[in-house]
file data-v8.txt (compact mmCIF, C-alpha atoms)
# COMPACT_ATOMS: atom_id res chain seq x y z
CA MET A 1 191.94 139.19 102.30
CA THR A 2 190.46 139.55 105.77
CA VAL A 3 188.57 136.26 106.15
CA VAL A 4 190.98 133.36 105.68
CA LEU A 5 188.45 130.63 106.49
CA ALA A 6 184.83 130.38 107.54
CA ARG A 7 183.69 127.35 109.49
CA VAL A 8 180.25 126.09 110.42
CA ASP A 9 180.65 124.22 113.68
CA GLN A 10 177.98 124.03 116.34
CA ARG A 11 180.58 123.71 119.08
CA LEU A 12 182.05 127.03 117.92
CA VAL A 13 185.40 127.36 119.74
CA HIS A 14 186.95 124.12 120.99
CA GLY A 15 190.33 122.38 121.10
CA ILE A 16 190.43 121.31 117.46
CA VAL A 17 189.60 124.83 116.27
CA VAL A 18 192.23 126.61 118.37
CA ASN A 19 194.96 123.98 118.09
CA GLN A 20 194.84 122.12 114.80
CA TRP A 21 193.15 124.80 112.69
CA ALA A 22 195.37 127.55 114.11
CA ALA A 23 198.44 125.95 112.54
CA GLU A 24 196.63 125.50 109.21
CA VAL A 25 194.99 128.94 108.94
CA GLN A 26 197.30 131.09 111.10
CA PRO A 27 194.54 133.51 112.11
CA LYS A 28 195.21 136.74 113.91
CA ARG A 29 191.58 136.85 115.11
CA TYR A 30 188.98 134.21 115.87
CA MET A 31 185.54 135.62 115.21
CA VAL A 32 182.60 133.72 116.65
CA ILE A 33 179.37 135.08 115.20
CA ASP A 34 176.33 133.96 117.15
CA ASP A 35 173.37 136.04 118.30
CA VAL A 36 172.70 133.88 121.39
CA VAL A 37 176.21 133.05 122.59
CA SER A 38 177.29 136.67 122.20
CA GLN A 39 174.90 137.55 125.03
CA ASP A 40 176.11 134.84 127.44
CA GLU A 41 179.06 136.17 129.45
CA ASN A 42 179.84 132.77 131.04
CA VAL A 43 180.11 130.96 127.72
CA LYS A 44 182.12 133.83 126.23
CA ALA A 45 184.55 133.74 129.16
CA SER A 46 185.11 130.00 128.77
CA MET A 47 185.72 130.37 125.03
CA ARG A 48 188.23 133.16 125.61
CA LEU A 49 190.25 130.85 127.89
CA SER A 50 191.09 128.72 124.86
CA LYS A 51 192.36 131.62 122.73
CA PRO A 52 195.95 131.03 121.61
CA ALA A 53 198.51 133.62 122.70
CA GLY A 54 199.05 136.36 120.14
CA THR A 55 195.54 136.16 118.71
CA GLY A 56 192.37 138.11 119.28
CA MET A 57 188.90 136.73 119.79
CA SER A 58 185.58 138.38 119.07
CA ILE A 59 182.36 136.72 120.19
CA ILE A 60 179.73 138.96 118.69
CA ASN A 61 176.29 138.98 117.17
CA THR A 62 175.70 139.11 113.43
CA GLU A 63 174.85 142.81 113.33
CA LYS A 64 178.03 143.78 115.18
CA ALA A 65 180.13 141.55 112.90
CA LEU A 66 178.69 143.18 109.80
CA THR A 67 179.22 146.67 111.24
CA ASN A 68 182.82 145.91 112.19
CA PHE A 69 183.67 144.39 108.82
CA LYS A 70 182.11 147.30 106.93
CA ALA A 71 184.05 149.77 109.11
CA GLY A 72 187.31 148.04 108.13
CA LYS A 73 188.07 147.02 111.71
CA TYR A 74 189.64 143.71 110.60
CA ASP A 75 191.26 144.78 107.33
CA ALA A 76 194.79 144.22 108.64
CA GLN A 77 193.99 140.87 110.29
CA ARG A 78 193.63 137.25 109.22
CA VAL A 79 190.14 136.41 110.49
CA PHE A 80 188.85 132.89 111.10
CA VAL A 81 185.04 133.13 111.17
CA ILE A 82 183.11 130.48 113.10
CA ALA A 83 179.32 130.22 113.24
CA LYS A 84 176.71 127.59 114.03
CA GLU A 85 174.62 128.10 110.91
CA PRO A 86 175.40 128.51 107.19
CA SER A 87 172.84 131.33 107.07
CA THR A 88 175.38 133.49 108.94
CA MET A 89 177.84 133.06 106.08
CA LEU A 90 175.16 134.16 103.60
CA LYS A 91 174.60 137.33 105.63
CA LEU A 92 178.31 138.09 105.42
CA LEU A 93 178.28 137.59 101.65
CA ASP A 94 175.17 139.76 101.33
CA ALA A 95 177.10 142.53 103.09
CA GLY A 96 179.97 142.26 100.62
CA ILE A 97 182.38 140.35 102.86
CA GLU A 98 184.46 137.90 100.87
CA ILE A 99 184.68 134.32 102.09
CA PRO A 100 187.31 132.11 100.42
CA ARG A 101 185.71 128.83 101.51
CA VAL A 102 183.43 127.31 104.11
CA ASP A 103 184.44 124.19 105.98
CA ILE A 104 181.85 122.25 107.93
CA GLY A 105 183.05 120.76 111.21
CA ILE A 106 180.20 119.55 113.38
CA ILE A 107 176.46 119.95 112.98
CA PHE A 108 174.65 117.86 115.56
CA ALA A 109 172.19 115.13 114.63
CA GLU A 110 169.21 116.73 116.35
CA ASP A 111 165.95 118.45 115.48
CA GLY A 112 165.17 116.03 112.65
CA ARG A 113 168.44 116.54 110.77
CA THR A 114 169.72 113.85 108.39
CA GLN A 115 173.24 112.54 108.93
CA ILE A 116 175.45 112.99 105.86
CA SER A 117 178.85 112.26 107.41
CA LYS A 118 180.30 111.09 110.72
CA PHE A 119 179.98 114.54 112.33
CA VAL A 120 177.56 116.41 110.09
CA SER A 121 173.78 116.28 109.96
CA VAL A 122 171.66 118.79 108.06
CA ASN A 123 168.09 119.87 107.49
CA GLN A 124 166.55 121.18 104.27
CA GLN A 125 167.23 124.84 105.11
CA GLU A 126 170.89 124.17 105.85
CA VAL A 127 171.22 122.25 102.57
CA ALA A 128 169.64 125.19 100.72
CA ASP A 129 172.00 127.64 102.46
CA PHE A 130 175.13 125.59 101.71
CA LYS A 131 174.06 125.22 98.08
CA GLU A 132 173.48 128.98 97.87
CA LEU A 133 177.02 129.55 99.16
CA GLU A 134 178.34 127.27 96.42
CA LYS A 135 176.15 129.00 93.82
CA ARG A 136 177.82 132.27 94.82
CA GLY A 137 181.26 130.77 94.23
CA VAL A 138 182.20 129.78 97.78
CA PRO A 139 183.50 126.19 98.00
CA VAL A 140 181.82 124.19 100.79
CA ASN A 141 183.54 121.10 102.19
CA ILE A 142 183.13 118.83 105.15
CA ARG A 143 186.45 118.83 106.96
CA TYR A 144 186.61 117.99 110.66
CA VAL A 145 190.37 118.50 111.09
CA PRO A 146 192.99 119.92 108.71
CA ALA A 147 194.51 116.47 108.12
CA ASP A 148 191.20 115.23 106.67
CA ALA A 149 190.75 115.36 102.92
CA PRO A 150 187.99 117.87 102.11
CA VAL A 151 184.73 116.18 101.14
CA PRO A 152 182.68 118.39 98.81
CA PHE A 153 179.27 119.11 100.28
CA ASP A 154 177.43 117.85 97.20
CA ARG A 155 179.29 114.53 97.37
CA ALA A 156 178.27 114.08 101.02
CA LEU A 157 174.62 114.57 100.00
CA GLU A 158 174.69 111.85 97.34
CA GLY A 159 172.15 109.14 98.05
CA LYS A 160 170.72 110.93 101.09
CA THR A 161 167.11 112.00 101.53
CA ILE A 162 167.10 115.17 103.61
CA GLN A 163 164.21 115.60 106.03

call {"tool": "encode", "arguments": {"input": "data-v8.txt", "output": "structure tokens"}}
result
Amino acid sequence: MTVVLARVDQRLVHGIVVNQWAAEVQPKRYMVIDDVVSQDENVKASMRLSKPAGTGMSIINTEKALTNFKAGKYDAQRVFVIAKEPSTMLKLLDAGIEIPRVDIGIIFAEDGRTQISKFVSVNQQEVADFKELEKRGVPVNIRYVPADAPVPFDRALEGKTIQ
């Protein structure tokens, strides 16, 4: 399987992702999929500085990611996909790209989102997208670091009223 883990994390690439998750997932390629960040050379350069030796890093827009996956560019690699929004993961699934699971790291408490865990806040669209991932057979868990026990997304929503 090409994608070994998909992560929704609004910080994208940071120390926890490249240090703690690297040992857990052992990716050969980090793939950041973001239509805005992929156009910002300064941000891309800073992210590339954190890339562990012996791994590749792609910081590309959604269209390019879909094209590359469909062309088989990553077939021989263990790819760790990171995006800011769960809708990106749905686009991958729609294109036939298999995702074994989605872990949620950090979604900021901004823009009217409702906090559902220490580091995760969501809006109604994000809830709908995560539930659609689960409906399609992709487990969704909140898991900040690998040592944390996975918290199923539905359990984190219990008792919360999402704005």

call {"tool": "closest_residue", "arguments": {"input": "data-v8.txt", "among": "A:Ile99, A:Leu66, A:Val36, A:Met31", "to": "Lys51 (chain A)", "atoms": "all atoms listed in the file"}}
result
A:Met31

call {"tool": "atom_distance", "arguments": {"input": "data-v8.txt", "atom1": "CA of Asp129 (chain A)", "atom2": "CA of Thr2 (chain A)"}}
result
22.2 Å

call {"tool": "closest_residue", "arguments": {"input": "data-v8.txt", "among": "A:Leu92, A:Val25, A:Val102, A:Ile162", "to": "Glu126 (chain A)", "atoms": "all atoms listed in the file"}}
result
A:Ile162

call {"tool": "atom_distance", "arguments": {"input": "data-v8.txt", "atom1": "CA of Gly112 (chain A)", "atom2": "CA of Pro152 (chain A)"}}
result
22.4 Å

call {"tool": "residues_near_point", "arguments": {"input": "data-v8.txt", "point": "(193.7, 130.7, 120.2)", "cutoff": "9 Å", "atoms": "only C-alpha atoms", "output": "JSON, numbers by chain"}}
result
{"A": [13, 17, 18, 19, 22, 27, 28, 29, 30, 48, 49, 50, 51, 52, 53, 54, 55, 56, 57]}

call {"tool": "closest_residue", "arguments": {"input": "data-v8.txt", "among": "A:Asp34, A:Glu132, A:Val3, A:Val8", "to": "Phe108 (chain A)", "atoms": "only C-alpha atoms"}}
result
A:Val8

call {"tool": "atom_distance", "arguments": {"input": "data-v8.txt", "atom1": "CA of Ser46 (chain A)", "atom2": "CA of Ile82 (chain A)"}}
result
15.8 Å

call {"tool": "axis_aligned_box", "arguments": {"input": "data-v8.txt", "around": "region 91-96 of chain A", "padding_each_side": "3 Å", "output": "lines of an AutoDock Vina configuration file"}}
result
center_x = 177.3
center_y = 139.9
center_z = 103.1
size_x = 11.4
size_y = 11.2
size_z = 11.0
